[in-house]
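Data first, discussion second: the structure below is written as structure tokens.
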Number of protein chains: 2
Amino acid sequence: MILYDANAPGPNPATVRLFVHERGGLRFDVVTIDLVGLENRKRRYLTEVNARGEVPALRLDDGSVLTEITAICGYFDEIAEGGRKLFGTTPQERAVIHMWTRRAYLEVVLPFVNHWRGSEAAENAYRGHRILQPEAQRSNRLLAERGLNQFDDDLEGRTFIAGDDISMADILLYTFMATQIEGEGTPWLDVPQRPHVGAWYARMGERESSRMMLASLPARVRT
Amino acid sequence: MILYDANAPGPNPATVRLFVHERGGLRFDVVTIDLVGLENRKRRYLTEVNARGEVPALRLDDGSVLTEITAICGYFDEIAEGGRKLFGTTPQERAVIHMWTRRAYLEVVLPFVNHWRGSEAAENAYRGHRILQPEAQRSNRLLAERGLNQFDDDLEGRTFIAGDDISMADILLYTFMATQIEGEGTPWLDVPQRPHVGAWYARMGERESSRMMLASLPARVRT
């Protein structure tokens with residue numbers, strides 16, 4: 001297998017890296033795509049890897065290519081040897097983790113990414129390769145903050161989002177928060193008004209896997 | 001099990017109904033929530049069923065409640081007796097269907113729902129219970145149309161979105177398109193400029209399961 005990874009602070013590749021560190025038991029080759037140089041939007045990448053121009057992507061042994069971070073991580077979760085499953089081990093566990101992962105993505109991650117996509121930094125990063133929505137930047141922040149308020153209630157008395165054990169939902173939400181707080185500077189993501197999100201965020205940051213993921217980011221993001 | 005379903009043309013409950021018809025082998029009780037009367041936003045529903053006020057929701061035998069349509073359908077897919085699985089039967093099939101389901105949702109369904117949420121009809125339906133983004137209505141249509149253009153390329157030479165067999169991805173995309181085309185009137189969803197999407201849409205509409213789903217909608221949506 002080949003994982004097309006990136007040299008940039010993009011939260012999507014970082015999510016897969018954090019998953020791989022946390023999951024263990026996975027072996028694959030890595031090809032690094034120059035996201036900053038928009039190599040992923042050039043004809044060659046679009047033709048040979050992913051017509052949608054997204055990174056990461058996973059080339060399977062039969063030559064087909066898998067994209068979408070939760071699909072890649074879900075596949076990894078099934079084929080990894082040993083370690084601890086991060087998508088659950090029973091139908092009910094899998095459904096509950098699926099539910100929390102989708103809530104985290106739709107209620108917090110996506111509006112928050114769309115908020116960033118309303119910025120001038122996003123225009124300079126995408127250079128016309130994506131339809132951005134600067135007109136919705138303020139309402140996207142409002143949606144993301146509202147999502148975080150809900151998660152603060154949800155996390156009261158819990159160690160991780162889906163219960164006692166870490167799962168894909170934690171990996172997804174933490175990576176997007178961490179790469180942006182450490183990188184672009186989004187001070188409203190981690191604030192004292194949401195103590196349970198804050199305690200969970202600190203707990204996630206103490207993990208060896210999180211440190212490895214953060215250390216893999218370009219230097220400007222870590223300082 | 002109890003499925004909290006709705007008396008309204010909401011595409012989320014309709015997606016689960018189409019899934020159930022197509023999947024077969026499922027038994028549960030149904031409680032109908034008055035979505036038009038916003039029963040799902042009242043304290044009782046928020047406290048006893050779903051703090052997020054969403055319908056559908058599935059109460060499991062242990063009393064816990066599952067939400068998020070893809071999580072509910074995924075759970076149903078695992079526990080149904082007999083029939084044909086709609087989330088795949090091998091790790092690779094499951095990952096490919098997961099990928100296509102997420103693409104359909106993020107690239108078409110969500111921008112298109114957000115487009116609707118920018119309308120006056122949405123303001124009258126939600127009555128302040130959701131942050132709407134009317135300022136992004138035009139760019140949301142552009143995003144949804146662009147997503148449909150990509151799916152038109154993807155569907156060339158294919159019977160269903162993920163390959164030869166119907167899957168969750170078809171059920172999700174079809175239900176959102178069908179309930180809106182038949183109901184609210186969104187003429188740009190099915191147009192001759194996207195012949196492969198059009199052929200797939202017609203194919204989906206001919207299925208007995210789709211007819212049953214459409215027949216379950218309130219009359220004003222079907223006329």
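How things are named: the first chain in the structure tokens is A, the next is B, and so on; residues count from 1 in each chain; ligands count from 1 in the order shown.
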task = For chain B, list the residues within 7 Å of chain A, counting only C-alpha atoms, and write the list as a PyMOL selection string.
result = chain B and resi 66-68+71-72+74-75+78+91-92+95-96+98-99+131+133+135-136+139+143
Selected residues written out with C-alpha atoms, as a tab-separated table (two decimals), in the first residue's frame:
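Resulting contents of result_0.tsv:
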chain	number	residue	atom	x	y	z
B	66	LEU	CA	-28.47	6.29	18.43
B	67	THR	CA	-28.63	9.22	16.00
B	68	GLU	CA	-26.99	10.24	12.70
B	71	ALA	CA	-24.81	5.37	11.96
B	72	ILE	CA	-28.41	4.15	12.29
B	74	GLY	CA	-24.89	1.06	9.49
B	75	TYR	CA	-26.21	-0.54	12.68
B	78	GLU	CA	-25.06	-5.27	10.68
B	91	PRO	CA	-12.90	-4.47	4.49
B	92	GLN	CA	-12.22	-3.05	1.02
B	95	ALA	CA	-14.10	1.31	2.82
B	96	VAL	CA	-15.15	2.04	-0.78
B	98	HIS	CA	-17.83	4.54	3.20
B	99	MET	CA	-15.82	6.76	0.83
B	131	ILE	CA	-28.35	28.87	12.76
B	133	GLN	CA	-26.78	30.83	6.45
B	135	GLU	CA	-25.76	34.81	3.04
B	136	ALA	CA	-24.18	31.65	1.58
B	139	SER	CA	-22.29	29.67	-3.14
B	143	LEU	CA	-20.91	23.85	-4.47
task = Please identify all polymer residues within 10 Å of Val31 of chain B, counting only C-alpha atoms, omitting same-chain residues fewer than 6 positions from it, and present them as a ChimeraX atom specification.
result = /B:2-6,56-58
Writing out the chosen residues with N, CA and C atoms as a PDB file, in the first residue's frame:
ATOM      1  N   ILE B   2     -36.929   1.059  19.056  1.00  0.00           N
ATOM      2  CA  ILE B   2     -37.930   2.063  18.647  1.00  0.00           C
ATOM      3  C   ILE B   2     -37.266   3.061  17.703  1.00  0.00           C
ATOM      4  N   LEU B   3     -37.836   3.224  16.528  1.00  0.00           N
ATOM      5  CA  LEU B   3     -37.359   4.268  15.617  1.00  0.00           C
ATOM      6  C   LEU B   3     -38.254   5.486  15.776  1.00  0.00           C
ATOM      7  N   TYR B   4     -37.659   6.611  16.154  1.00  0.00           N
ATOM      8  CA  TYR B   4     -38.380   7.882  16.178  1.00  0.00           C
ATOM      9  C   TYR B   4     -38.344   8.442  14.764  1.00  0.00           C
ATOM     10  N   ASP B   5     -39.484   8.399  14.106  1.00  0.00           N
ATOM     11  CA  ASP B   5     -39.610   8.797  12.710  1.00  0.00           C
ATOM     12  C   ASP B   5     -40.408  10.103  12.678  1.00  0.00           C
ATOM     13  N   ALA B   6     -40.671  10.628  11.493  1.00  0.00           N
ATOM     14  CA  ALA B   6     -41.317  11.939  11.410  1.00  0.00           C
ATOM     15  C   ALA B   6     -42.467  11.945  10.424  1.00  0.00           C
ATOM     16  N   PRO B  56     -34.311  11.291  12.377  1.00  0.00           N
ATOM     17  CA  PRO B  56     -34.677  10.147  13.211  1.00  0.00           C
ATOM     18  C   PRO B  56     -33.687   9.891  14.341  1.00  0.00           C
ATOM     19  N   ALA B  57     -34.138   9.037  15.267  1.00  0.00           N
ATOM     20  CA  ALA B  57     -33.294   8.536  16.343  1.00  0.00           C
ATOM     21  C   ALA B  57     -33.741   7.099  16.593  1.00  0.00           C
ATOM     22  N   LEU B  58     -32.830   6.272  17.040  1.00  0.00           N
ATOM     23  CA  LEU B  58     -33.144   4.854  17.259  1.00  0.00           C
ATOM     24  C   LEU B  58     -32.858   4.490  18.705  1.00  0.00           C
TER      25      LEU B  58
END
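Distance check against Gly53 of chain A using only C-alpha atoms: of A:His129, A:His115, A:Gly205, A:His196, the minimum falls on A:His129.
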ask   = Can you list, as a ChimeraX atom specification, every residue of segment 5-219 of chain B that DSSP puts in alpha helix (DSSP H)?
value = /B:11-23,43-48,69-79,91-103,110-116,120-126,137-155,168-179,195-205,208-215,219
task = Could you check which of B:Met212, B:Val55, B:Val20, B:Ala104 is closest to Glu81 of chain B, using only C-alpha atoms?
result =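 Counting only C-alpha atoms, the residue closest to Glu81 of chain B is B:Val20.
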inquiry  = DSSP on the backbone: which residues in segment 12-222 of chain A end up as strand (DSSP E or B)? Give the answer as a list in words.
reply    =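 So the strand (DSSP E or B) residues in segment 12-222 of chain A would be Asp29, Val30, Val31, Thr32, Ile33, Ala57, Leu58, Arg59, Val65, Leu66, Phe160 and Gly163 of chain A.
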